[in-house]
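Enquirer: Input structure.cif, format and content: mmCIF, C-alpha atoms.
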```cif
data_start
loop_
_atom_site.label_atom_id
_atom_site.label_comp_id
_atom_site.auth_asym_id
_atom_site.auth_seq_id
_atom_site.Cartn_x
_atom_site.Cartn_y
_atom_site.Cartn_z
CA MET A 1 99.84 132.93 76.07
CA ARG A 2 101.51 136.27 75.27
CA LYS A 3 104.59 135.38 77.37
CA ARG A 4 104.84 131.97 75.70
CA LEU A 5 104.62 133.53 72.20
CA SER A 6 107.38 136.02 72.96
CA SER A 7 109.56 133.18 74.29
CA LEU A 8 109.02 131.28 71.03
CA VAL A 9 109.97 134.36 68.99
CA VAL A 10 113.15 134.83 71.06
CA ALA A 11 114.01 131.13 70.62
CA ALA A 12 113.42 131.31 66.85
CA VAL A 13 115.63 134.40 66.51
CA ALA A 14 118.38 132.75 68.58
CA ALA A 15 118.18 129.61 66.41
CA ALA A 16 118.47 131.68 63.24
CA VAL A 17 121.66 133.23 64.58
CA ILE A 18 123.15 130.01 65.99
CA VAL A 19 122.50 127.67 63.04
CA PRO A 20 124.57 129.61 60.47
CA ALA A 21 127.43 129.85 62.95
CA ALA A 22 127.32 126.11 63.51
CA ALA A 23 127.44 125.48 59.75
CA SER A 24 130.96 126.92 59.59
CA PRO A 25 133.88 124.74 60.70
CA ALA A 26 135.21 125.54 64.13
CA GLY A 27 138.24 127.76 63.85
CA ALA A 28 137.98 128.07 60.07
CA THR A 29 139.36 131.26 58.65
CA ALA A 30 139.91 132.72 55.23
CA SER A 31 143.67 132.66 55.81
CA ALA A 32 145.92 131.11 53.22
CA VAL A 33 147.78 127.94 54.13
CA GLY A 34 150.87 126.74 52.36
CA ALA A 35 153.33 124.00 51.64
CA SER A 36 156.81 123.79 50.17
CA CYS A 37 159.51 121.28 49.35
CA SER A 38 162.92 121.09 47.72
CA VAL A 39 164.79 118.32 45.97
CA THR A 40 168.11 118.52 44.11
CA GLY A 41 167.22 120.56 41.04
CA ALA A 42 163.83 121.96 42.06
CA SER A 43 162.16 124.05 44.73
CA GLY A 44 158.38 124.28 44.84
CA SER A 45 155.78 126.03 46.96
CA GLY A 46 152.05 126.47 47.04
CA SER A 47 149.42 128.31 49.01
CA TRP A 48 145.63 128.33 48.96
CA VAL A 49 142.52 129.17 50.93
CA PHE A 50 140.05 126.42 51.82
CA ALA A 51 136.74 128.00 50.74
CA SER A 52 134.44 125.01 51.27
CA ARG A 53 134.41 121.19 51.28
CA THR A 54 134.86 121.27 47.49
CA ARG A 55 136.80 124.43 46.65
CA LEU A 56 140.24 126.00 47.04
CA ASN A 57 140.51 129.72 46.31
CA SER A 58 143.62 131.81 45.72
CA VAL A 59 145.77 128.83 44.70
CA VAL A 60 149.34 129.99 44.03
CA LEU A 61 151.88 127.46 42.75
CA LYS A 62 155.55 128.36 42.25
CA ILE A 63 158.39 126.24 40.88
CA THR A 64 162.08 127.17 40.59
CA ASP A 65 164.78 125.29 38.70
CA THR A 66 167.82 125.16 41.00
CA ALA A 67 170.32 123.12 38.97
CA ALA A 68 172.07 123.40 35.59
CA ASP A 69 171.43 119.73 34.89
CA GLY A 70 169.62 119.75 31.53
CA HIS A 71 166.30 118.76 33.13
CA HIS A 72 163.17 120.86 33.47
CA VAL A 73 161.02 121.20 36.58
CA ALA A 74 157.30 121.03 37.30
CA ILE A 75 154.85 121.48 40.16
CA GLN A 76 151.48 119.90 40.83
CA LEU A 77 148.63 120.49 43.25
CA GLN A 78 147.39 117.19 44.64
CA THR A 79 144.24 116.70 46.68
CA VAL A 80 142.54 113.85 48.47
CA ARG A 81 138.80 113.45 48.04
CA GLY A 82 136.37 112.57 50.81
CA SER A 83 136.51 108.93 49.65
CA GLY A 84 140.30 108.87 50.09
CA ALA A 85 141.00 108.82 46.35
CA SER A 86 143.74 111.11 45.05
CA HIS A 87 143.10 113.88 42.55
CA LEU A 88 146.24 114.81 40.62
CA TRP A 89 145.79 118.25 39.10
CA LYS A 90 147.54 119.56 35.98
CA LEU A 91 151.35 119.61 35.99
CA HIS A 92 152.81 123.09 35.54
CA HIS A 93 156.24 123.04 33.82
CA GLU A 94 159.19 125.46 33.79
CA TYR A 95 161.72 124.97 30.96
CA GLY A 96 163.96 128.05 31.44
CA GLY A 97 166.92 126.35 33.12
CA LYS A 98 168.77 127.04 36.34
CA GLY A 99 167.40 130.07 38.18
CA ALA A 100 164.17 130.20 36.16
CA SER A 101 160.92 130.20 38.09
CA HIS A 102 157.26 130.57 37.32
CA THR A 103 154.17 131.26 39.41
CA TRP A 104 150.63 130.19 38.52
CA ASN A 105 147.47 131.64 40.10
CA THR A 106 144.33 129.54 39.91
CA THR A 107 141.50 127.89 41.85
CA ALA A 108 140.50 124.26 42.34
CA THR A 109 137.02 122.79 42.57
CA ASP A 110 136.21 119.09 42.97
CA SER A 111 132.57 118.10 43.42
CA LEU A 112 133.76 114.87 45.10
CA GLY A 113 135.39 116.88 47.87
CA ILE A 114 138.79 118.19 48.88
CA LYS A 115 139.65 116.67 52.25
CA TYR A 116 143.41 117.35 52.06
CA ALA A 117 145.66 119.35 49.76
CA TYR A 118 149.41 119.38 49.15
CA ILE A 119 151.99 120.08 46.45
CA GLU A 120 154.62 117.97 44.76
CA ALA A 121 157.63 119.32 42.87
CA PHE A 122 159.40 117.37 40.13
CA VAL A 123 162.66 117.30 38.20
CA MET A 124 161.77 115.85 34.80
CA GLU A 125 163.24 114.54 31.57
CA GLY A 126 160.49 114.76 28.98
CA ASN A 127 157.48 113.12 30.65
CA ASP A 128 159.61 111.05 33.04
CA VAL A 129 160.10 112.00 36.67
CA ILE A 130 163.78 112.01 37.68
CA ARG A 131 163.30 113.23 41.26
CA SER A 132 160.41 114.57 43.30
CA CYS A 133 159.47 115.92 46.70
CA GLY A 134 156.23 116.62 48.45
CA ASP A 135 155.10 118.36 51.59
CA SER A 136 152.71 117.11 54.25
CA SER A 137 149.07 117.35 53.32
CA ILE A 138 147.00 120.11 54.89
CA ALA A 139 143.54 119.16 56.17
CA ASN A 140 140.48 121.05 54.96
CA PRO A 141 138.77 122.57 58.04
CA TYR A 142 135.36 122.16 56.34
CA TYR A 143 135.62 118.35 56.73
#
```
So that I can check it, write out the structure of this file as C-alpha cells.

Expert:
Amino acid sequence: MRKRLSSLVVAAVAAAVIVPAAASPAGATASAVGASCSVTGASGSGSWVFASRTRLNSVVLKITDTAADGHHVAIQLQTVRGSGASHLWKLHHEYGGKGASHTWNTTATDSLGIKYAYIEAFVMEGNDVIRSCGDSSIANPYY
C-alpha cells in the first residue's frame, strides 16, 4: 500500500508539471513578430507579441509618407477572429507630408479571438483610399 501511495504522489506531481506545459502552444515564445509593406506614397510596418488567443501585446505601428503628392497616409492593424471574421482596428493617420512618419504603441484585445494579425498601409484623400498595401497575415501560435 505504501509503495502504491508513493507512486500516486509521484504521478500527481508529474501531472502538475506536465499539464501547464501542455497548455502553452508548442514553440510559442514572447518574441515580437512583424510585418511591413510599401506602396507608392506610403511605407508601413508593425510588430507585436502574441500574448494569448485574444491579446496582442507590444503593438507598434509605424507609417511614413514617401511622396509629395498632396495625400496623407494611414496604417491599420487588422486581425482575423477564430470565426474567420475580420476585425479592422482604428486607422492611424499621418498628415505631415513627404518624409513625415509617426509611430504608435498600443495593445489589442478581442474576446472573440485573434487567429491572425497583419497590417495595411494606405495613401488617402480625406476618407477615401487612393492606394493600399498589406503584408501576409501572421498566425497566432495560441490557436

Enquirer: Report as a ChimeraX atom specification all protein, DNA and RNA residues lying within 7 Å of region 113-128 of chain A, evaluated on all atoms listed in the file, omitting residues in the same chain fewer than 2 positions from it.

Expert: /A:35,41-44,46,53-55,71-82,110-111,130-140,143

Enquirer: Report, in Å to a single decimal, how far apart CA of Ala85 (chain A) and CA of Trp104 (chain A) are.

Expert: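 Interatomic distance, CA of Trp104 (chain A) to CA of Ala85 (chain A): 24.7 Å.
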
Enquirer: Kindly indicate which residue among A:Ser45, A:Leu91, A:Ser86, A:Val33 lies nearest to Lys62 (chain A), using only C-alpha atoms for the distances.

Expert: A:Ser45

Enquirer: Have a look at A:Ser83, A:Pro141, A:Ser36, A:Ala100 and name the one nearest to Val60 (chain A); count all atoms listed in the file.

Expert: A:Ser36

Enquirer: Smallest atom-to-atom distance to Asp69 (chain A): which of A:Ser52, A:His93, A:Asn105, A:Lys98, using all atoms listed in the file?

Expert: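 Selected residue with least distance to Asp69 (chain A): A:Lys98.
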
Enquirer: Generate the missing atoms of region 29-44 of chain A up to N, CA, C and O atoms and report them as an mmCIF file, in the frame of the given file.

Expert:
```cif
data_model
loop_
_atom_site.group_PDB
_atom_site.id
_atom_site.type_symbol
_atom_site.label_atom_id
_atom_site.label_comp_id
_atom_site.auth_asym_id
_atom_site.auth_seq_id
_atom_site.Cartn_x
_atom_site.Cartn_y
_atom_site.Cartn_z
ATOM 1 N N THR A 29 139.128 129.874 59.014
ATOM 2 C CA THR A 29 139.360 131.260 58.650
ATOM 3 C C THR A 29 139.601 131.330 57.152
ATOM 4 O O THR A 29 139.782 130.322 56.491
ATOM 5 N N ALA A 30 139.626 132.528 56.646
ATOM 6 C CA ALA A 30 139.910 132.720 55.230
ATOM 7 C C ALA A 30 141.396 132.937 55.000
ATOM 8 O O ALA A 30 141.797 133.485 54.001
ATOM 9 N N SER A 31 142.226 132.496 55.930
ATOM 10 C CA SER A 31 143.670 132.660 55.810
ATOM 11 C C SER A 31 144.245 131.614 54.870
ATOM 12 O O SER A 31 143.819 130.457 54.871
ATOM 13 N N ALA A 32 145.233 132.033 54.114
ATOM 14 C CA ALA A 32 145.920 131.110 53.220
ATOM 15 C C ALA A 32 146.785 130.161 54.030
ATOM 16 O O ALA A 32 147.348 130.527 55.058
ATOM 17 N N VAL A 33 146.864 128.930 53.577
ATOM 18 C CA VAL A 33 147.780 127.940 54.130
ATOM 19 C C VAL A 33 148.766 127.594 53.026
ATOM 20 O O VAL A 33 148.511 127.854 51.845
ATOM 21 N N GLY A 34 149.889 127.006 53.389
ATOM 22 C CA GLY A 34 150.870 126.740 52.360
ATOM 23 C C GLY A 34 151.741 125.537 52.639
ATOM 24 O O GLY A 34 151.760 124.994 53.738
ATOM 25 N N ALA A 35 152.446 125.148 51.593
ATOM 26 C CA ALA A 35 153.330 124.000 51.640
ATOM 27 C C ALA A 35 154.524 124.288 50.741
ATOM 28 O O ALA A 35 154.414 125.069 49.793
ATOM 29 N N SER A 36 155.639 123.642 51.036
ATOM 30 C CA SER A 36 156.810 123.790 50.170
ATOM 31 C C SER A 36 157.699 122.567 50.311
ATOM 32 O O SER A 36 157.634 121.840 51.300
ATOM 33 N N CYS A 37 158.537 122.357 49.295
ATOM 34 C CA CYS A 37 159.510 121.280 49.350
ATOM 35 C C CYS A 37 160.625 121.576 48.359
ATOM 36 O O CYS A 37 160.450 122.362 47.416
ATOM 37 N N SER A 38 161.766 120.951 48.613
ATOM 38 C CA SER A 38 162.920 121.090 47.720
ATOM 39 C C SER A 38 163.564 119.732 47.519
ATOM 40 O O SER A 38 163.615 118.917 48.446
ATOM 41 N N VAL A 39 164.038 119.513 46.325
ATOM 42 C CA VAL A 39 164.790 118.320 45.970
ATOM 43 C C VAL A 39 165.917 118.814 45.074
ATOM 44 O O VAL A 39 165.808 119.903 44.490
ATOM 45 N N THR A 40 167.000 118.084 44.961
ATOM 46 C CA THR A 40 168.110 118.520 44.110
ATOM 47 C C THR A 40 167.580 118.849 42.719
ATOM 48 O O THR A 40 167.034 117.990 42.037
ATOM 49 N N GLY A 41 167.658 120.118 42.357
ATOM 50 C CA GLY A 41 167.220 120.560 41.040
ATOM 51 C C GLY A 41 165.928 121.339 41.015
ATOM 52 O O GLY A 41 165.628 122.007 40.027
ATOM 53 N N ALA A 42 165.124 121.272 42.079
ATOM 54 C CA ALA A 42 163.830 121.960 42.060
ATOM 55 C C ALA A 42 163.420 122.403 43.454
ATOM 56 O O ALA A 42 163.698 121.728 44.445
ATOM 57 N N SER A 43 162.747 123.549 43.488
ATOM 58 C CA SER A 43 162.160 124.050 44.730
ATOM 59 C C SER A 43 160.738 124.491 44.397
ATOM 60 O O SER A 43 160.525 125.295 43.477
ATOM 61 N N GLY A 44 159.773 123.959 45.127
ATOM 62 C CA GLY A 44 158.380 124.280 44.840
ATOM 63 C C GLY A 44 157.650 124.758 46.076
ATOM 64 O O GLY A 44 157.995 124.404 47.209
#
```
